[in-house]
>>> print(open('my_file39.txt').read())   # compact mmCIF, N, CA and C atoms
# COMPACT_ATOMS: atom_id res chain seq x y z
N MET O 1 124.24 22.72 44.28
CA MET O 1 124.30 23.86 43.40
C MET O 1 125.64 23.82 42.66
N PRO O 2 125.64 23.92 41.34
CA PRO O 2 126.90 23.88 40.60
C PRO O 2 127.71 25.14 40.85
N TRP O 3 129.02 24.99 40.81
CA TRP O 3 129.92 26.11 41.04
C TRP O 3 130.00 26.96 39.79
N SER O 4 130.00 28.25 39.97
CA SER O 4 130.24 29.16 38.85
C SER O 4 130.88 30.42 39.39
N PRO O 5 131.90 30.95 38.70
CA PRO O 5 132.54 32.18 39.16
C PRO O 5 131.66 33.38 38.83
N ALA O 6 130.77 33.71 39.72
CA ALA O 6 129.83 34.79 39.46
C ALA O 6 130.29 36.06 40.16
N PRO O 7 130.10 37.21 39.52
CA PRO O 7 130.43 38.47 40.19
C PRO O 7 129.45 38.73 41.32
N ARG O 8 129.91 39.41 42.35
CA ARG O 8 129.06 39.72 43.49
C ARG O 8 128.93 41.23 43.60
N PRO O 9 127.98 41.81 42.88
CA PRO O 9 127.82 43.26 42.97
C PRO O 9 127.08 43.65 44.23
N ALA O 10 127.18 44.90 44.60
CA ALA O 10 126.42 45.42 45.74
C ALA O 10 125.13 46.03 45.18
N CYS O 11 125.18 47.25 44.71
CA CYS O 11 124.03 47.90 44.08
C CYS O 11 124.40 48.20 42.64
N THR O 12 123.59 47.72 41.73
CA THR O 12 123.85 47.92 40.31
C THR O 12 122.61 48.50 39.66
N LYS O 13 122.79 49.55 38.88
CA LYS O 13 121.67 50.18 38.19
C LYS O 13 121.14 49.24 37.11
N THR O 14 119.90 48.84 37.24
CA THR O 14 119.24 48.01 36.26
C THR O 14 117.80 48.49 36.12
N THR O 15 117.05 47.83 35.27
CA THR O 15 115.63 48.13 35.14
C THR O 15 114.78 46.99 35.68
N PHE O 16 115.37 46.16 36.53
CA PHE O 16 114.63 45.02 37.08
C PHE O 16 113.37 45.46 37.83
N GLU O 17 113.46 46.58 38.55
CA GLU O 17 112.32 47.00 39.37
C GLU O 17 111.10 47.35 38.52
N ALA O 18 111.28 47.60 37.24
CA ALA O 18 110.14 47.90 36.36
C ALA O 18 109.20 46.71 36.23
N ASN O 19 109.73 45.51 36.50
CA ASN O 19 108.93 44.29 36.36
C ASN O 19 108.39 43.76 37.69
N LEU O 20 108.61 44.50 38.77
CA LEU O 20 108.13 44.04 40.07
C LEU O 20 106.60 44.13 40.14
N LEU O 21 106.03 43.14 40.74
CA LEU O 21 104.59 43.14 40.96
C LEU O 21 104.31 43.41 42.43
N PRO O 22 103.34 44.24 42.74
CA PRO O 22 103.02 44.47 44.15
C PRO O 22 102.37 43.21 44.73
N PRO O 23 102.50 43.01 46.03
CA PRO O 23 101.87 41.83 46.64
C PRO O 23 100.35 41.93 46.57
N ASP O 24 99.70 40.77 46.62
CA ASP O 24 98.24 40.74 46.61
C ASP O 24 97.67 41.42 47.85
N ALA O 25 98.36 41.25 48.96
CA ALA O 25 97.92 41.86 50.22
C ALA O 25 99.16 42.24 51.03
N SER O 26 99.08 43.33 51.76
CA SER O 26 100.18 43.72 52.63
C SER O 26 99.61 44.17 53.96
N LEU O 27 100.39 43.95 55.00
CA LEU O 27 99.95 44.32 56.34
C LEU O 27 100.16 45.81 56.57
N ALA O 28 99.13 46.46 57.03
CA ALA O 28 99.19 47.90 57.27
C ALA O 28 100.22 48.25 58.35
N ALA O 29 100.50 47.32 59.25
CA ALA O 29 101.45 47.57 60.34
C ALA O 29 102.86 47.86 59.80
N TYR O 30 103.16 47.37 58.61
CA TYR O 30 104.50 47.56 58.03
C TYR O 30 104.54 48.67 56.98
N GLN O 31 103.47 49.38 56.77
CA GLN O 31 103.40 50.37 55.71
C GLN O 31 104.46 51.46 55.84
N GLN O 32 104.64 52.01 57.04
CA GLN O 32 105.63 53.07 57.23
C GLN O 32 107.04 52.57 56.99
N VAL O 33 107.36 51.39 57.51
CA VAL O 33 108.70 50.82 57.33
C VAL O 33 108.93 50.50 55.86
N ARG O 34 107.93 49.92 55.21
CA ARG O 34 108.04 49.56 53.80
C ARG O 34 108.31 50.81 52.96
N ALA O 35 107.58 51.88 53.22
CA ALA O 35 107.76 53.12 52.47
C ALA O 35 109.14 53.73 52.72
N ALA O 36 109.60 53.68 53.96
CA ALA O 36 110.92 54.23 54.29
C ALA O 36 112.03 53.44 53.61
N VAL O 37 111.93 52.13 53.62
CA VAL O 37 112.95 51.29 52.98
C VAL O 37 112.95 51.52 51.47
N MET O 38 111.78 51.64 50.87
CA MET O 38 111.71 51.88 49.42
C MET O 38 112.34 53.24 49.07
N ARG O 39 112.10 54.26 49.88
CA ARG O 39 112.72 55.57 49.62
C ARG O 39 114.24 55.47 49.72
N ARG O 40 114.72 54.75 50.74
CA ARG O 40 116.16 54.61 50.94
C ARG O 40 116.78 53.80 49.79
N LEU O 41 116.12 52.74 49.37
CA LEU O 41 116.65 51.95 48.26
C LEU O 41 116.70 52.76 46.97
N GLN O 42 115.70 53.60 46.74
CA GLN O 42 115.72 54.45 45.55
C GLN O 42 116.89 55.42 45.61
N ALA O 43 117.18 55.96 46.79
CA ALA O 43 118.31 56.86 46.94
C ALA O 43 119.63 56.12 46.72
N LEU O 44 119.74 54.91 47.25
CA LEU O 44 120.94 54.11 47.05
C LEU O 44 121.14 53.76 45.58
N MET O 45 120.06 53.41 44.90
CA MET O 45 120.16 53.02 43.51
C MET O 45 120.55 54.20 42.62
N ALA O 46 120.24 55.42 43.04
CA ALA O 46 120.63 56.59 42.26
C ALA O 46 122.15 56.71 42.17
N GLY O 47 122.85 56.26 43.21
CA GLY O 47 124.31 56.31 43.20
C GLY O 47 124.96 54.96 42.97
N ALA O 48 124.20 53.99 42.49
CA ALA O 48 124.71 52.63 42.30
C ALA O 48 125.65 52.55 41.11
N ASP O 49 126.42 51.47 41.09
CA ASP O 49 127.33 51.21 39.98
C ASP O 49 126.55 50.92 38.71
N ASP O 50 127.14 51.27 37.59
CA ASP O 50 126.55 50.98 36.29
C ASP O 50 126.70 49.48 36.01
N ALA O 51 125.80 48.93 35.22
CA ALA O 51 125.85 47.50 34.88
C ALA O 51 127.16 47.15 34.18
N GLY O 52 127.81 48.12 33.57
CA GLY O 52 129.09 47.87 32.92
C GLY O 52 130.17 47.41 33.88
N VAL O 53 130.06 47.78 35.15
CA VAL O 53 131.02 47.34 36.16
C VAL O 53 130.95 45.82 36.31
N VAL O 54 129.73 45.29 36.37
CA VAL O 54 129.54 43.84 36.47
C VAL O 54 130.01 43.17 35.19
N ALA O 55 129.66 43.75 34.05
CA ALA O 55 130.08 43.17 32.77
C ALA O 55 131.60 43.13 32.66
N GLY O 56 132.26 44.18 33.10
CA GLY O 56 133.72 44.19 33.08
C GLY O 56 134.33 43.12 33.96
N THR O 57 133.72 42.89 35.11
CA THR O 57 134.19 41.84 36.01
C THR O 57 134.02 40.47 35.38
N VAL O 58 132.89 40.26 34.73
CA VAL O 58 132.65 38.98 34.04
C VAL O 58 133.67 38.79 32.93
N LEU O 59 133.91 39.83 32.15
CA LEU O 59 134.88 39.73 31.05
C LEU O 59 136.30 39.47 31.56
N ALA O 60 136.61 39.97 32.73
CA ALA O 60 137.93 39.71 33.31
C ALA O 60 138.02 38.28 33.83
N ALA O 61 136.90 37.71 34.26
CA ALA O 61 136.91 36.36 34.84
C ALA O 61 136.91 35.27 33.77
N VAL O 62 136.30 35.53 32.64
CA VAL O 62 136.12 34.50 31.62
C VAL O 62 137.43 33.88 31.15
N PRO O 63 138.46 34.65 30.82
CA PRO O 63 139.68 34.00 30.30
C PRO O 63 140.61 33.41 31.37
N ALA O 64 140.25 33.51 32.63
CA ALA O 64 141.13 33.03 33.70
C ALA O 64 141.33 31.51 33.60
N ARG O 65 142.59 31.09 33.64
CA ARG O 65 142.88 29.64 33.62
C ARG O 65 142.42 28.97 34.90
N GLN O 66 142.63 29.66 36.01
CA GLN O 66 142.17 29.15 37.30
C GLN O 66 141.30 30.23 37.93
N PRO O 67 140.01 30.21 37.60
CA PRO O 67 139.14 31.28 38.11
C PRO O 67 138.99 31.24 39.62
N LYS O 68 138.82 32.43 40.18
CA LYS O 68 138.57 32.52 41.62
C LYS O 68 137.15 32.02 41.90
N LEU O 69 136.91 31.68 43.13
CA LEU O 69 135.58 31.23 43.52
C LEU O 69 134.58 32.37 43.44
N ARG O 70 135.01 33.58 43.83
CA ARG O 70 134.12 34.74 43.80
C ARG O 70 134.87 35.95 43.27
N TYR O 71 134.15 36.79 42.60
CA TYR O 71 134.67 38.06 42.10
C TYR O 71 133.77 39.16 42.65
N THR O 72 134.36 40.25 43.05
CA THR O 72 133.55 41.39 43.49
C THR O 72 133.50 42.41 42.37
N ALA O 73 132.34 42.99 42.18
CA ALA O 73 132.15 43.97 41.12
C ALA O 73 131.81 45.32 41.74
N GLY O 74 132.77 46.22 41.72
CA GLY O 74 132.54 47.56 42.23
C GLY O 74 133.11 47.78 43.62
N PRO O 75 133.32 49.05 43.98
CA PRO O 75 133.95 49.37 45.26
C PRO O 75 133.07 49.03 46.47
N LEU O 76 131.77 49.21 46.38
CA LEU O 76 130.91 48.89 47.52
C LEU O 76 130.89 47.39 47.77
N ALA O 77 130.87 46.60 46.72
CA ALA O 77 130.89 45.14 46.87
C ALA O 77 132.20 44.70 47.53
N ALA O 78 133.30 45.33 47.16
CA ALA O 78 134.59 44.99 47.77
C ALA O 78 134.59 45.32 49.25
N ARG O 79 134.01 46.47 49.59
CA ARG O 79 133.93 46.87 51.00
C ARG O 79 133.05 45.91 51.79
N LEU O 80 131.90 45.53 51.21
CA LEU O 80 131.01 44.58 51.89
C LEU O 80 131.68 43.22 52.07
N ARG O 81 132.46 42.81 51.10
CA ARG O 81 133.16 41.53 51.21
C ARG O 81 134.12 41.54 52.39
N LEU O 82 134.86 42.64 52.54
CA LEU O 82 135.78 42.76 53.68
C LEU O 82 135.01 42.79 55.00
N MET O 83 133.91 43.53 55.00
CA MET O 83 133.11 43.61 56.23
C MET O 83 132.58 42.24 56.62
N ARG O 84 132.09 41.48 55.65
CA ARG O 84 131.58 40.14 55.94
C ARG O 84 132.67 39.23 56.48
N ARG O 85 133.88 39.44 55.99
CA ARG O 85 134.98 38.57 56.39
C ARG O 85 135.48 38.86 57.81
N PHE O 86 135.53 40.15 58.16
CA PHE O 86 136.18 40.51 59.41
C PHE O 86 135.26 41.00 60.52
N MET O 87 134.04 41.39 60.20
CA MET O 87 133.14 41.90 61.24
C MET O 87 132.27 40.78 61.78
N PRO O 88 131.98 40.80 63.07
CA PRO O 88 131.00 39.86 63.60
C PRO O 88 129.64 40.09 62.93
N ALA O 89 128.88 39.03 62.76
CA ALA O 89 127.60 39.10 62.05
C ALA O 89 126.66 40.13 62.67
N ALA O 90 126.60 40.19 63.99
CA ALA O 90 125.70 41.14 64.65
C ALA O 90 126.09 42.58 64.33
N LEU O 91 127.38 42.85 64.28
CA LEU O 91 127.86 44.20 63.98
C LEU O 91 127.57 44.55 62.51
N LEU O 92 127.77 43.60 61.62
CA LEU O 92 127.47 43.82 60.20
C LEU O 92 125.97 44.06 60.00
N ASP O 93 125.15 43.26 60.66
CA ASP O 93 123.70 43.44 60.57
C ASP O 93 123.30 44.83 61.06
N ALA O 94 123.89 45.26 62.17
CA ALA O 94 123.57 46.58 62.71
C ALA O 94 123.99 47.67 61.73
N ASP O 95 125.14 47.50 61.09
CA ASP O 95 125.61 48.48 60.13
C ASP O 95 124.70 48.53 58.90
N LEU O 96 124.26 47.38 58.42
CA LEU O 96 123.35 47.35 57.27
C LEU O 96 122.01 47.97 57.62
N ARG O 97 121.52 47.69 58.83
CA ARG O 97 120.25 48.29 59.26
C ARG O 97 120.39 49.81 59.36
N ARG O 98 121.52 50.27 59.86
CA ARG O 98 121.76 51.71 59.96
C ARG O 98 121.83 52.32 58.55
N GLY O 99 122.47 51.62 57.61
CA GLY O 99 122.55 52.10 56.24
C GLY O 99 121.18 52.19 55.56
N LEU O 100 120.29 51.28 55.90
CA LEU O 100 118.93 51.32 55.36
C LEU O 100 117.99 52.19 56.20
N ARG O 101 118.55 52.74 57.27
CA ARG O 101 117.80 53.61 58.19
C ARG O 101 116.60 52.91 58.80
N LEU O 102 116.86 51.68 59.27
CA LEU O 102 115.84 50.92 59.99
C LEU O 102 116.08 51.09 61.48
N ALA O 103 115.04 51.05 62.27
CA ALA O 103 115.17 51.21 63.73
C ALA O 103 115.84 50.00 64.34
>>> encode(input="my_file39.txt", output="structure tokens")
Amino acid sequence: MPWSPAPRPACTKTTFEANLLPPDASLAAYQQVRAAVMRRLQALMAGADDAGVVAGTVLAAVPARQPKLRYTAGPLAARLRLMRRFMPAALLDADLRRGLRLA
């Protein structure tokens, strides 16, 4: 994979979900969990960063003589980056599951 200094946003308000297609078939056993996760994601996206945050990060990275390997876009992305760096994977996974309100 070629290297590129890409911003790493957490949640960014976009209209990508307007183009999502439902699956041809879904298992009924996951219906409650699927609905709960979708509700939680909609709530998270309501408070997500504007796409301008990512654009600003890209514009800041473009003129860099020695670009960083990664750029974080927005406060949540910065927090997640620190958590990934210093928290054990199991603890981070548990925190993400708690944030998505999964059992």
>>> atom_distance(input="my_file39.txt", atom1="atom C of Gly47 in chain O", atom2="atom C of Cys11 in chain O")
6.8 Å
>>> atom_distance(input="my_file39.txt", atom1="CA of Ala51 in chain O", atom2="atom N of Thr15 in chain O")
8.8 Å
>>> select_by_dssp(input="my_file39.txt", residues="chain O", states="strand (DSSP E)", output="count of residues only")
6
>>> atom_distance(input="my_file39.txt", atom1="atom C of Leu41 in chain O", atom2="CA of Arg70 in chain O")
25.3 Å
>>> select_by_dssp(input="my_file39.txt", residues="chain O", states="helix (DSSP H, G or I)", output="PyMOL selection string")
chain O and resi 16-19+28-46+51-61+75-86+89-99
>>> residues_around(input="my_file39.txt", residues="Leu102 in chain O", least_positions_apart="2", cutoff="8 Å", atoms="all atoms listed in the file", output="PyMOL selection string")
chain O and resi 33+36-37+96-100
>>> closest_residue(input="my_file39.txt", among="O:Met45, O:Thr72, O:Leu27, O:Thr57", to="Thr12 in chain O", atoms="all atoms listed in the file")
O:Met45
>>> decode(input="my_file39.txt", residues="range 78-103 of chain O", atoms="N, CA, C and O atoms", output="JSON list (two decimals), in the first residue's frame")
[["chain", "number", "residue", "atom", "x", "y", "z"],
["O", 78, "ALA", "N", -8.11, 12.70, 18.14],
["O", 78, "ALA", "CA", -6.89, 12.86, 18.93],
["O", 78, "ALA", "C", -6.96, 12.01, 20.20],
["O", 78, "ALA", "O", -5.97, 11.36, 20.58],
["O", 79, "ARG", "N", -8.13, 12.00, 20.83],
["O", 79, "ARG", "CA", -8.31, 11.19, 22.04],
["O", 79, "ARG", "C", -8.18, 9.70, 21.73],
["O", 79, "ARG", "O", -7.53, 8.95, 22.45],
["O", 80, "LEU", "N", -8.79, 9.27, 20.62],
["O", 80, "LEU", "CA", -8.70, 7.85, 20.23],
["O", 80, "LEU", "C", -7.25, 7.47, 19.90],
["O", 80, "LEU", "O", -6.82, 6.36, 20.21],
["O", 81, "ARG", "N", -6.52, 8.38, 19.29],
["O", 81, "ARG", "CA", -5.12, 8.09, 18.97],
["O", 81, "ARG", "C", -4.32, 7.84, 20.24],
["O", 81, "ARG", "O", -3.52, 6.90, 20.32],
["O", 82, "LEU", "N", -4.54, 8.68, 21.25],
["O", 82, "LEU", "CA", -3.84, 8.49, 22.53],
["O", 82, "LEU", "C", -4.26, 7.18, 23.19],
["O", 82, "LEU", "O", -3.43, 6.45, 23.74],
["O", 83, "MET", "N", -5.56, 6.90, 23.13],
["O", 83, "MET", "CA", -6.05, 5.66, 23.75],
["O", 83, "MET", "C", -5.43, 4.45, 23.06],
["O", 83, "MET", "O", -5.02, 3.49, 23.72],
["O", 84, "ARG", "N", -5.36, 4.47, 21.74],
["O", 84, "ARG", "CA", -4.75, 3.34, 21.02],
["O", 84, "ARG", "C", -3.29, 3.17, 21.37],
["O", 84, "ARG", "O", -2.76, 2.08, 21.39],
["O", 85, "ARG", "N", -2.63, 4.28, 21.63],
["O", 85, "ARG", "CA", -1.19, 4.23, 21.91],
["O", 85, "ARG", "C", -0.89, 3.70, 23.30],
["O", 85, "ARG", "O", 0.07, 2.96, 23.49],
["O", 86, "PHE", "N", -1.71, 4.09, 24.28],
["O", 86, "PHE", "CA", -1.36, 3.79, 25.66],
["O", 86, "PHE", "C", -2.23, 2.75, 26.35],
["O", 86, "PHE", "O", -1.84, 2.22, 27.38],
["O", 87, "MET", "N", -3.40, 2.46, 25.82],
["O", 87, "MET", "CA", -4.28, 1.49, 26.48],
["O", 87, "MET", "C", -4.06, 0.10, 25.90],
["O", 87, "MET", "O", -3.84, -0.05, 24.70],
["O", 88, "PRO", "N", -4.14, -0.92, 26.73],
["O", 88, "PRO", "CA", -4.12, -2.29, 26.20],
["O", 88, "PRO", "C", -5.32, -2.49, 25.27],
["O", 88, "PRO", "O", -6.39, -1.90, 25.47],
["O", 89, "ALA", "N", -5.14, -3.31, 24.26],
["O", 89, "ALA", "CA", -6.18, -3.53, 23.25],
["O", 89, "ALA", "C", -7.49, -3.99, 23.87],
["O", 89, "ALA", "O", -8.57, -3.53, 23.47],
["O", 90, "ALA", "N", -7.43, -4.89, 24.84],
["O", 90, "ALA", "CA", -8.65, -5.40, 25.46],
["O", 90, "ALA", "C", -9.42, -4.28, 26.17],
["O", 90, "ALA", "O", -10.65, -4.22, 26.11],
["O", 91, "LEU", "N", -8.69, -3.39, 26.82],
["O", 91, "LEU", "CA", -9.33, -2.27, 27.52],
["O", 91, "LEU", "C", -9.93, -1.28, 26.53],
["O", 91, "LEU", "O", -11.05, -0.78, 26.73],
["O", 92, "LEU", "N", -9.24, -1.01, 25.44],
["O", 92, "LEU", "CA", -9.76, -0.12, 24.40],
["O", 92, "LEU", "C", -11.01, -0.72, 23.76],
["O", 92, "LEU", "O", -12.01, -0.03, 23.56],
["O", 93, "ASP", "N", -10.96, -2.01, 23.46],
["O", 93, "ASP", "CA", -12.13, -2.69, 22.89],
["O", 93, "ASP", "C", -13.33, -2.59, 23.84],
["O", 93, "ASP", "O", -14.45, -2.32, 23.41],
["O", 94, "ALA", "N", -13.08, -2.80, 25.13],
["O", 94, "ALA", "CA", -14.17, -2.73, 26.11],
["O", 94, "ALA", "C", -14.74, -1.31, 26.16],
["O", 94, "ALA", "O", -15.95, -1.13, 26.24],
["O", 95, "ASP", "N", -13.87, -0.31, 26.07],
["O", 95, "ASP", "CA", -14.32, 1.07, 26.10],
["O", 95, "ASP", "C", -15.14, 1.41, 24.86],
["O", 95, "ASP", "O", -16.17, 2.08, 24.95],
["O", 96, "LEU", "N", -14.71, 0.95, 23.70],
["O", 96, "LEU", "CA", -15.46, 1.18, 22.46],
["O", 96, "LEU", "C", -16.80, 0.48, 22.50],
["O", 96, "LEU", "O", -17.82, 1.03, 22.06],
["O", 97, "ARG", "N", -16.83, -0.74, 23.02],
["O", 97, "ARG", "CA", -18.10, -1.47, 23.13],
["O", 97, "ARG", "C", -19.05, -0.74, 24.09],
["O", 97, "ARG", "O", -20.24, -0.66, 23.83],
["O", 98, "ARG", "N", -18.51, -0.22, 25.17],
["O", 98, "ARG", "CA", -19.32, 0.53, 26.13],
["O", 98, "ARG", "C", -19.86, 1.81, 25.46],
["O", 98, "ARG", "O", -21.00, 2.18, 25.64],
["O", 99, "GLY", "N", -19.02, 2.47, 24.66],
["O", 99, "GLY", "CA", -19.45, 3.67, 23.96],
["O", 99, "GLY", "C", -20.56, 3.39, 22.94],
["O", 99, "GLY", "O", -21.43, 4.24, 22.73],
["O", 100, "LEU", "N", -20.52, 2.23, 22.32],
["O", 100, "LEU", "CA", -21.57, 1.84, 21.38],
["O", 100, "LEU", "C", -22.75, 1.16, 22.07],
["O", 100, "LEU", "O", -23.70, 0.76, 21.43],
["O", 101, "ARG", "N", -22.62, 1.01, 23.39],
["O", 101, "ARG", "CA", -23.66, 0.37, 24.22],
["O", 101, "ARG", "C", -23.95, -1.05, 23.79],
["O", 101, "ARG", "O", -25.09, -1.48, 23.68],
["O", 102, "LEU", "N", -22.86, -1.80, 23.56],
["O", 102, "LEU", "CA", -22.98, -3.23, 23.26],
["O", 102, "LEU", "C", -22.76, -4.02, 24.53],
["O", 102, "LEU", "O", -22.01, -3.61, 25.40],
["O", 103, "ALA", "N", -23.39, -5.16, 24.65],
["O", 103, "ALA", "CA", -23.24, -5.99, 25.86],
["O", 103, "ALA", "C", -21.85, -6.60, 25.93],
["O", 103, "ALA", "O", -21.18, -6.78, 24.98]]
